[in-house]
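As stored in protein.txt (compact mmCIF, C-alpha atoms):
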```txt
# COMPACT_ATOMS: atom_id res chain seq x y z
CA MET M 1 120.61 104.85 95.79
CA LYS M 2 118.28 102.38 97.53
CA LEU M 3 116.49 99.69 95.56
CA LEU M 4 112.80 98.93 96.11
CA SER M 5 111.48 95.62 94.78
CA VAL M 6 107.77 95.68 93.96
CA ILE M 7 106.35 92.14 93.81
CA VAL M 8 103.08 91.76 91.91
CA PRO M 9 101.42 88.29 91.79
CA CYS M 10 99.16 88.02 88.73
CA TYR M 11 96.54 85.56 87.61
CA ASN M 12 94.47 86.54 84.58
CA GLU M 13 95.06 90.27 85.17
CA GLU M 14 95.59 91.31 81.55
CA GLU M 15 93.41 94.42 81.95
CA ASN M 16 95.24 95.65 85.04
CA ILE M 17 98.93 95.15 84.23
CA ARG M 18 99.54 98.51 82.58
CA ASP M 19 97.16 100.38 84.87
CA PHE M 20 99.12 99.16 87.87
CA TYR M 21 102.40 100.25 86.28
CA VAL M 22 101.00 103.74 85.62
CA GLU M 23 99.59 104.10 89.15
CA LEU M 24 102.85 102.95 90.74
CA PHE M 25 104.96 105.51 88.92
CA LYS M 26 102.69 108.36 89.87
CA ASN M 27 105.02 108.24 92.89
CA ASP M 28 108.04 108.85 90.62
CA SER M 29 108.80 112.29 92.07
CA PHE M 30 108.82 110.76 95.55
CA PHE M 31 111.17 107.97 94.44
CA LYS M 32 113.59 110.50 92.95
CA LYS M 33 113.44 112.74 96.02
CA LYS M 34 114.27 109.81 98.31
CA GLU M 35 116.85 108.41 95.85
CA ILE M 36 114.97 105.16 95.43
CA GLU M 37 115.34 102.96 92.37
CA VAL M 38 112.43 100.65 91.59
CA GLU M 39 112.18 97.20 90.06
CA ILE M 40 108.80 95.60 89.36
CA ILE M 41 108.62 91.81 89.49
CA TYR M 42 105.40 90.58 87.91
CA VAL M 43 104.87 86.92 88.85
CA ASP M 44 102.44 85.27 86.45
CA ASP M 45 100.69 82.37 88.18
CA GLY M 46 99.82 80.36 85.07
CA SER M 47 97.41 82.87 83.51
CA SER M 48 95.27 81.76 80.57
CA ASP M 49 94.70 85.26 79.15
CA GLY M 50 97.13 87.86 77.76
CA THR M 51 98.78 88.71 81.08
CA VAL M 52 102.24 87.50 80.04
CA ALA M 53 102.07 89.34 76.70
CA GLU M 54 101.21 92.60 78.49
CA ILE M 55 104.13 92.19 80.87
CA ARG M 56 106.50 91.48 77.96
CA LYS M 57 105.39 94.72 76.30
CA LEU M 58 106.11 96.67 79.48
CA HIS M 59 109.53 95.02 79.77
CA GLU M 60 110.39 96.14 76.23
CA GLU M 61 109.44 99.71 77.19
CA ASP M 62 111.04 99.73 80.64
CA GLU M 63 113.89 97.46 81.73
CA ARG M 64 112.85 97.90 85.34
CA VAL M 65 109.94 95.52 84.64
CA HIS M 66 110.69 91.82 85.19
CA LEU M 67 108.60 88.74 84.45
CA VAL M 68 108.48 85.39 86.21
CA SER M 69 105.99 83.05 84.56
CA PHE M 70 105.00 79.74 86.14
CA SER M 71 104.52 76.52 84.16
CA ARG M 72 100.98 76.30 85.60
CA ASN M 73 98.84 77.77 88.38
CA PHE M 74 100.62 77.18 91.70
CA GLY M 75 98.67 79.71 93.77
CA LYS M 76 99.30 83.17 95.16
CA GLU M 77 101.43 81.89 98.05
CA ALA M 78 103.91 80.38 95.60
CA ALA M 79 103.87 83.58 93.53
CA ILE M 80 104.72 85.68 96.59
CA TYR M 81 107.57 83.35 97.50
CA ALA M 82 108.97 83.41 93.96
CA GLY M 83 108.85 87.21 93.91
CA LEU M 84 110.66 87.48 97.25
CA GLN M 85 113.34 85.08 96.04
CA ARG M 86 114.04 87.29 93.03
CA ALA M 87 113.82 90.60 94.87
CA LYS M 88 117.23 92.25 95.00
CA GLY M 89 116.08 95.38 96.79
CA ASP M 90 117.02 96.87 100.13
CA MET M 91 113.24 96.85 100.63
CA ALA M 92 110.42 94.82 99.12
CA VAL M 93 106.71 95.43 98.88
CA MET M 94 103.97 93.05 97.77
CA MET M 95 100.96 94.45 95.93
CA ASP M 96 97.99 93.06 94.01
CA ALA M 97 97.73 93.96 90.34
CA ASP M 98 94.01 94.81 90.66
CA LEU M 99 94.83 98.12 92.44
CA GLN M 100 93.03 97.14 95.64
CA ASP M 101 96.39 97.87 97.24
CA PRO M 102 96.74 101.63 96.59
CA PRO M 103 100.27 102.61 95.47
CA ALA M 104 99.55 106.11 96.84
CA LEU M 105 100.25 104.72 100.34
CA LEU M 106 103.89 103.96 99.53
CA PRO M 107 105.31 107.38 100.57
CA GLU M 108 103.65 107.11 103.98
CA MET M 109 104.79 103.52 104.37
CA TYR M 110 108.37 104.43 103.53
CA GLY M 111 108.22 107.22 106.09
CA TYR M 112 107.66 104.66 108.85
CA ILE M 113 110.57 102.56 107.56
CA GLU M 114 112.74 105.67 107.92
CA GLN M 115 111.51 105.99 111.50
CA GLY M 116 112.96 102.56 112.27
CA TYR M 117 110.11 100.10 111.71
CA ASP M 118 111.08 96.78 110.13
CA SER M 119 107.87 96.47 108.15
CA VAL M 120 104.75 98.47 107.40
CA ALA M 121 101.57 96.44 106.89
CA THR M 122 98.08 97.42 105.78
CA ARG M 123 94.62 96.35 106.86
CA ARG M 124 91.13 97.13 105.63
CA VAL M 125 88.81 98.74 108.16
CA THR M 126 85.76 98.12 105.96
CA ARG M 127 84.71 95.36 103.58
CA LYS M 128 82.63 97.53 101.30
CA GLY M 129 81.70 95.72 98.10
CA GLU M 130 82.05 92.22 99.55
CA PRO M 131 79.05 89.88 99.98
CA PRO M 132 77.84 90.03 103.62
CA VAL M 133 78.16 86.26 104.08
CA ARG M 134 81.77 86.30 102.93
CA SER M 135 82.59 89.22 105.23
CA PHE M 136 80.97 87.45 108.20
CA PHE M 137 82.97 84.24 107.73
CA ALA M 138 86.18 86.22 107.17
CA ARG M 139 85.75 87.95 110.53
CA MET M 140 84.97 84.64 112.21
CA PHE M 141 88.12 83.13 110.73
CA TYR M 142 90.35 85.88 112.15
CA ARG M 143 88.72 85.56 115.58
CA LEU M 144 89.19 81.80 115.55
CA MET M 145 92.82 82.01 114.43
CA ASN M 146 93.73 84.48 117.15
CA ARG M 147 92.17 82.22 119.80
CA ILE M 148 93.76 78.94 118.75
CA SER M 149 97.14 80.20 117.52
CA ARG M 150 100.01 82.02 119.21
CA THR M 151 100.73 83.80 115.92
CA GLU M 152 98.80 87.06 115.70
CA ILE M 153 96.86 87.59 112.49
CA VAL M 154 95.20 90.99 112.27
CA ASP M 155 91.59 91.15 111.08
CA GLY M 156 91.43 92.64 107.59
CA ALA M 157 95.18 92.26 107.02
CA ARG M 158 96.30 92.52 103.42
CA ASP M 159 99.41 91.05 101.79
CA TYR M 160 100.30 94.67 100.94
CA ARG M 161 103.38 95.13 103.11
CA LEU M 162 106.66 97.06 102.84
CA MET M 163 109.58 95.20 104.42
CA THR M 164 113.27 95.72 105.02
CA ARG M 165 115.82 93.26 103.66
CA GLN M 166 116.13 91.62 107.06
CA VAL M 167 112.43 90.73 107.17
CA VAL M 168 112.51 89.46 103.57
CA ASP M 169 115.43 87.16 104.37
CA ALA M 170 113.61 85.86 107.47
CA ILE M 171 110.55 84.97 105.36
CA LEU M 172 112.70 83.26 102.74
CA ALA M 173 114.27 81.15 105.48
CA MET M 174 110.84 79.53 105.98
CA THR M 175 110.87 77.06 103.09
CA GLU M 176 107.76 75.04 103.93
CA TYR M 177 105.65 73.77 101.04
CA ASN M 178 102.28 74.53 102.67
CA ARG M 179 102.53 78.30 102.88
CA PHE M 180 100.17 80.72 104.64
CA THR M 181 101.82 84.10 104.20
CA LYS M 182 99.66 86.05 106.66
CA GLY M 183 100.70 83.63 109.38
CA ILE M 184 104.35 83.71 108.29
CA PHE M 185 104.39 87.50 108.62
CA GLY M 186 103.17 87.22 112.18
CA TRP M 187 105.49 84.34 113.06
CA VAL M 188 108.75 86.06 112.01
CA GLY M 189 107.84 89.03 114.19
CA TYR M 190 109.88 92.25 113.90
CA GLU M 191 108.51 95.70 114.63
CA THR M 192 105.51 96.34 112.40
CA LYS M 193 103.47 99.48 111.84
CA TRP M 194 99.85 98.97 110.76
CA LEU M 195 98.15 101.36 108.34
CA GLU M 196 94.38 101.32 108.01
CA TYR M 197 92.40 102.21 104.91
CA GLU M 198 88.92 101.67 103.56
CA ASN M 199 88.36 98.82 101.17
CA ILE M 200 88.96 99.65 97.51
CA GLU M 201 87.12 97.61 94.91
CA ARG M 202 89.15 96.20 92.04
CA LYS M 203 89.38 98.50 89.05
CA LYS M 204 88.81 95.92 86.31
CA GLY M 205 88.00 92.23 86.06
CA GLU M 206 86.58 89.89 88.67
CA THR M 207 88.06 88.39 91.81
CA LYS M 208 89.62 84.93 91.48
CA TRP M 209 88.79 84.07 95.11
CA SER M 210 85.54 82.12 95.35
CA PHE M 211 83.99 81.25 98.71
CA TRP M 212 85.25 77.67 98.39
CA LYS M 213 88.83 78.79 97.64
CA LEU M 214 88.76 81.09 100.66
CA PHE M 215 87.46 78.24 102.82
CA VAL M 216 90.29 75.94 101.70
CA TYR M 217 92.76 78.79 102.27
CA SER M 218 91.45 79.23 105.81
CA LEU M 219 92.05 75.53 106.49
CA GLU M 220 95.64 76.03 105.29
CA GLY M 221 96.06 78.79 107.84
CA ILE M 222 94.56 76.80 110.72
CA THR M 223 96.62 73.66 110.10
CA ALA M 224 99.81 75.66 109.43
CA PHE M 225 99.79 77.71 112.63
CA SER M 226 97.77 75.80 115.21
CA THR M 227 97.62 72.29 116.64
CA VAL M 228 94.52 73.07 118.71
CA PRO M 229 92.21 71.05 116.39
CA LEU M 230 94.28 67.93 117.17
CA THR M 231 93.93 68.62 120.89
CA MET M 232 90.21 69.17 120.41
CA ALA M 233 89.93 65.79 118.68
CA ALA M 234 91.72 64.10 121.59
CA VAL M 235 89.49 65.83 124.17
CA LEU M 236 86.34 64.83 122.30
CA GLY M 237 87.57 61.25 122.17
CA ALA M 238 88.21 61.17 125.91
CA LEU M 239 84.86 62.84 126.62
CA PHE M 240 82.87 60.33 124.61
CA CYS M 241 84.78 57.41 126.15
CA ALA M 242 83.82 58.65 129.61
CA LEU M 243 80.23 59.17 128.45
CA ALA M 244 80.09 55.65 126.99
CA PHE M 245 81.44 54.15 130.22
CA GLY M 246 78.81 56.05 132.20
CA MET M 247 76.05 54.82 129.90
CA ILE M 248 77.24 51.23 130.30
CA VAL M 249 76.95 51.55 134.09
CA VAL M 250 73.47 53.11 133.75
CA THR M 251 72.34 50.32 131.40
CA ILE M 252 73.57 47.57 133.75
CA VAL M 253 71.94 49.16 136.79
CA ARG M 254 68.67 49.73 134.91
CA THR M 255 68.60 46.13 133.69
CA LEU M 256 69.18 44.76 137.19
CA ILE M 257 66.47 46.97 138.70
CA PHE M 258 63.79 47.08 135.99
CA GLY M 259 64.68 44.03 133.91
CA ASP M 260 64.05 45.87 130.63
CA PRO M 261 67.27 45.83 128.62
CA THR M 262 65.75 46.29 125.13
CA SER M 263 63.89 49.60 125.48
CA GLY M 264 65.28 52.85 124.17
CA TRP M 265 66.74 51.56 120.90
CA PRO M 266 65.80 54.76 118.92
CA SER M 267 67.88 56.86 121.30
CA LEU M 268 70.66 54.28 121.03
CA VAL M 269 70.69 54.67 117.23
CA CYS M 270 70.90 58.46 117.61
CA ILE M 271 73.82 58.11 120.02
CA ILE M 272 75.64 55.74 117.68
CA LEU M 273 75.16 58.15 114.77
CA LEU M 274 76.38 61.08 116.89
CA VAL M 275 79.48 59.26 118.12
CA SER M 276 80.26 57.99 114.61
CA GLY M 277 79.97 61.51 113.26
CA VAL M 278 82.35 62.83 115.91
CA GLN M 279 84.81 60.04 115.11
CA LEU M 280 84.74 60.85 111.41
CA PHE M 281 85.16 64.55 112.18
CA CYS M 282 88.22 63.84 114.32
CA LEU M 283 89.64 61.54 111.65
CA GLY M 284 89.16 64.36 109.16
CA ILE M 285 91.16 66.71 111.40
CA VAL M 286 93.97 64.17 111.72
CA GLY M 287 93.79 63.60 107.97
CA GLN M 288 94.31 67.29 107.27
CA TYR M 289 97.50 67.38 109.32
CA LEU M 290 98.67 64.08 107.85
CA SER M 291 98.13 65.35 104.31
CA LYS M 292 100.20 68.48 105.06
CA THR M 293 102.96 66.30 106.47
CA TYR M 294 102.79 64.10 103.36
CA MET M 295 103.21 67.11 101.07
CA GLU M 296 106.12 68.44 103.14
CA VAL M 297 108.15 65.22 103.23
CA LYS M 298 107.92 64.76 99.45
CA ARG M 299 109.99 67.97 99.12
CA ARG M 300 108.47 68.99 95.81
CA PRO M 301 109.43 72.47 94.56
CA ILE M 302 107.00 75.21 95.56
CA TYR M 303 106.73 76.33 91.92
CA LEU M 304 108.20 75.71 88.46
CA VAL M 305 109.22 78.54 86.16
CA LYS M 306 108.43 78.52 82.46
CA GLU M 307 109.85 81.95 81.60
CA ASP M 308 112.09 84.35 83.52
CA ILE M 309 112.89 87.78 82.05
```

I need this file expressed as structure tokens, please.
Amino acid sequence: MKLLSVIVPCYNEEENIRDFYVELFKNDSFFKKKEIEVEIIYVDDGSSDGTVAEIRKLHEEDERVHLVSFSRNFGKEAAIYAGLQRAKGDMAVMMDADLQDPPALLPEMYGYIEQGYDSVATRRVTRKGEPPVRSFFARMFYRLMNRISRTEIVDGARDYRLMTRQVVDAILAMTEYNRFTKGIFGWVGYETKWLEYENIERKKGETKWSFWKLFVYSLEGITAFSTVPLTMAAVLGALFCALAFGMIVVTIVRTLIFGDPTSGWPSLVCIILLVSGVQLFCLGIVGQYLSKTYMEVKRRPIYLVKEDI
């Protein structure tokens, strides 16, 4: 018998816990046919509703259900890492509790694993149901990442991914504190098959990802897998130094020829404001990388567990 570990990060998903369990085991005949045992690892990311209570009920009914509950909200990246650490399976799959990751795809995904692929990943080909502005910036983020980073991140990629034990162990070997899982998947490599499907809206509840949270998450990805912004800051600095030197020469020549050194002060103020803004922007870029380094060297744990069943 092979063991499949299903990792389900949860944050205030009380309404979806049991629905997910039911949908997953609609594949029960497939699991039996392929001689696959299943364990479900629900990772509660500091929920404030009845998520933990619902998972406890399921555990009492089915010993295949496990609970890892954090002491507070540490974020989805930490929840994924905790689930992978506890996964004992020959294979592991990560899925959202809101059923936007359809369990019905699992038989097809497993078929590709049997064909020799190391992992089977999913991506949305549409963003139906999302606000247009959010969809636009999401596409721009993927384009930017693939231009400034050597790590390929597929547009519309989901965390929904079936992996062999070898891939899971490779991901666990990356113990960095500032985690960007989509980038980590691309960095470890291995042969991956991509499955496309149309976007599925969550069954119950509301998304926990606001525009601001997604923006901060995108910054995590950029600083984790690209140093191009630092190079850009250095290039801008050199460019403005050269421009300033050129303007000094122009000012001296103009003064010697026309004898009018005081004219043009409004444009001078604009230039000073522009250069100051660029300097602050570059300092902000450096600050982002410095803050990530600061968090890494402190070696704090990625998460703390309050309850482990």

Quiz item: Which is closer to M:Tyr303 than all the others in M:Val120, M:Ile40, M:Leu106, M:Ala82, using all atoms listed in the file?
Solution: M:Ala82

Exercise. Using all atoms listed in the file, find the one residue out of M:Ile257, M:Ala121, M:Leu24, M:Leu105 that sits nearest to M:Thr192.
Key: M:Ala121

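Nearest to M:Ala92 of all the residues M:Ile272, M:Ile7, M:Val43, M:Ala244 is M:Ile7, based on only C-alpha atoms.
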
Specify the axis-aligned box that encloses all atoms of stretch 9-15 of chain M listed in the file after padding of 6 Å on each side, stating its centre and edge lengths in Å to one decimal as lines of an AutoDock Vina configuration file.
```
center_x = 97.4
center_y = 90.0
center_z = 86.7
size_x = 20.0
size_y = 20.9
size_z = 22.2
```

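Considering all atoms listed in the file, the residue among M:Gln279, M:Gln100, M:Thr164, M:Ser5 positioned nearest to M:Val38 is M:Ser5.
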
Quiz item: What does the distance between atom CA of M:Leu290 and atom CA of M:Ile80 come to in Å, to one decimal place?
Solution: 25.1 Å

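Between atom CA of M:Gly50 and atom CA of M:Glu15 the interatomic distance comes to 8.6 Å.
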
Exercise. Determine, counting only C-alpha atoms, which protein, DNA and RNA residues have an atom within 12 Å of an atom of M:Gly111; residues of the same chain fewer than 2 positions away are not included. Present the result as a ChimeraX atom specification.
Key: /M:30,34,105-109,113-120,162,193,195

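Remark: for M:His66, the closest of the candidate residues M:Trp194, M:Phe245, M:Tyr42, M:Tyr160 is M:Tyr42 (distances computed over all atoms listed in the file).
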
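Straight-line separation from atom CA of M:Glu196 to atom CA of M:Arg123: 5.1 Å.
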
Quiz item: With all atoms listed in the file as the atoms that count, which of M:Leu67, M:Val278, M:Leu268, M:Met247 lies nearest to M:Ala233?
Solution: M:Val278

Exercise. Give as a PyMOL selection string the set of residues within 7 Å of the point (117.2, 98.5, 99.5), where distances use the file's coordinates and all atoms listed in the file.
Key: chain M and resi 2-4+89-91+165

Those selected residues, please, written with C-alpha atoms and delivered as a PDB file, keeping the file's coordinate frame.
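To be explicit, this is the file written out as selection-v1.pdb:
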```
ATOM      1  CA  LYS M   2     118.280 102.380  97.530  1.00  0.00           C
ATOM      2  CA  LEU M   3     116.490  99.690  95.560  1.00  0.00           C
ATOM      3  CA  LEU M   4     112.800  98.930  96.110  1.00  0.00           C
ATOM      4  CA  GLY M  89     116.080  95.380  96.790  1.00  0.00           C
ATOM      5  CA  ASP M  90     117.020  96.870 100.130  1.00  0.00           C
ATOM      6  CA  MET M  91     113.240  96.850 100.630  1.00  0.00           C
ATOM      7  CA  ARG M 165     115.820  93.260 103.660  1.00  0.00           C
TER       8      ARG M 165
END
```

Quiz item: Residues at most 12 Å from M:Val275, counting all atoms listed in the file, excluding those fewer than 6 positions away in the same chain, as number ranges by chain?
Solution: M: 236-241, 243-244, 268-269, 281-282
